[in-house]
Amino acid sequence: MTKVPAAAVAAGGLVGGYGIARWTGKRPLGGVALAAAGSVAAYEWNRQAGSRAATALTAAYVAAFAGSHPLAKKLGAWPAVFTVAGGVAAASWAVTRRGTR
């Protein structure tokens, strides 16, 4: 089975969570998608880089979600979501890439 990198799962959770909330009009449904992807990513971060890295990356994931809201007022909703998703993906890749060598 092909593994999806944790960076892609985390970025997809931020983008997908927002997209689901926006297109369905049901914010809690977007939150479920966001939380599910965050849980999968956190599991992989822990497996690949240990609990300290997983804790830090999970905090970054939550901070990115929270930070996208004020950023959206300056950039617009989708640009803000893509910006924070890219930031979390980059951080995830930087931390976990050592475990894949």
# chains A, B, ... in the order shown; residues from 1 in each chain; ligands from 1
>>> residues_around(residues="Thr96 (chain A)", least_positions_apart="5", cutoff="8 Å", atoms="only C-alpha atoms", output="list in words")
Trp45, Gln48 and Ala49 of chain A
>>> residues_around(residues="Ala64 (chain A)", least_positions_apart="4", cutoff="6 Å", atoms="only C-alpha atoms", output="number ranges by chain")
A: 60, 68, 84
>>> write_last_selection(atoms="C-alpha atoms", output="PDB file, in the first residue's frame")
ATOM      1  CA  ALA A  60       1.811  24.083  14.544  1.00  0.00           C
ATOM      2  CA  SER A  68      -5.680  31.329   9.032  1.00  0.00           C
ATOM      3  CA  VAL A  84      -0.879  28.075   6.318  1.00  0.00           C
TER       4      VAL A  84
END
>>> closest_atom_pairs(of="region 38-79 of chain A", to="region 15-29 of chain A", cutoff="12 Å", atoms="only C-alpha atoms", output="CSV")
residue,atom,partner,partner_atom,distance
A:Gly38,CA,A:Gly17,CA,10.2
A:Tyr61,CA,A:Val15,CA,11.8
A:Ala64,CA,A:Val15,CA,11.2
A:Phe65,CA,A:Tyr18,CA,9.4
A:Ala66,CA,A:Tyr18,CA,12.0
A:Ser68,CA,A:Tyr18,CA,10.2
A:His69,CA,A:Tyr18,CA,10.8
A:Ala72,CA,A:Tyr18,CA,11.9
A:Ala77,CA,A:Tyr18,CA,9.0
A:Trp78,CA,A:Val15,CA,8.4
A:Pro79,CA,A:Val15,CA,10.3
>>> atom_distance(atom1="CA of Ala11 (chain A)", atom2="CA of Gly76 (chain A)")
17.7 Å
>>> closest_residue(among="A:Leu71, A:Ala54, A:Ala7, A:Ala35", to="Ala90 (chain A)", atoms="only C-alpha atoms")
A:Ala7
>>> closest_residue(among="A:Arg47, A:Val9, A:Val95, A:Gly87", to="Ala63 (chain A)", atoms="only C-alpha atoms")
A:Gly87
>>> closest_residue(among="A:Val40, A:Lys74, A:Lys3, A:Ala10", to="Ala91 (chain A)", atoms="only C-alpha atoms")
A:Ala10
>>> residues_around(residues="Trp93 (chain A)", least_positions_apart="5", cutoff="9 Å", atoms="only C-alpha atoms", output="PyMOL selection string")
chain A and resi 5-7+88+98
>>> closest_residue(among="A:Leu57, A:Ser92, A:Ser51, A:Ala8", to="Ala37 (chain A)", atoms="only C-alpha atoms")
A:Ala8
>>> closest_residue(among="A:Val32, A:Leu14, A:Ala94, A:Ala42", to="Ala80 (chain A)", atoms="only C-alpha atoms")
A:Leu14
>>> closest_residue(among="A:Ala53, A:Val62, A:Leu75, A:Val4", to="Gly31 (chain A)", atoms="only C-alpha atoms")
A:Val62
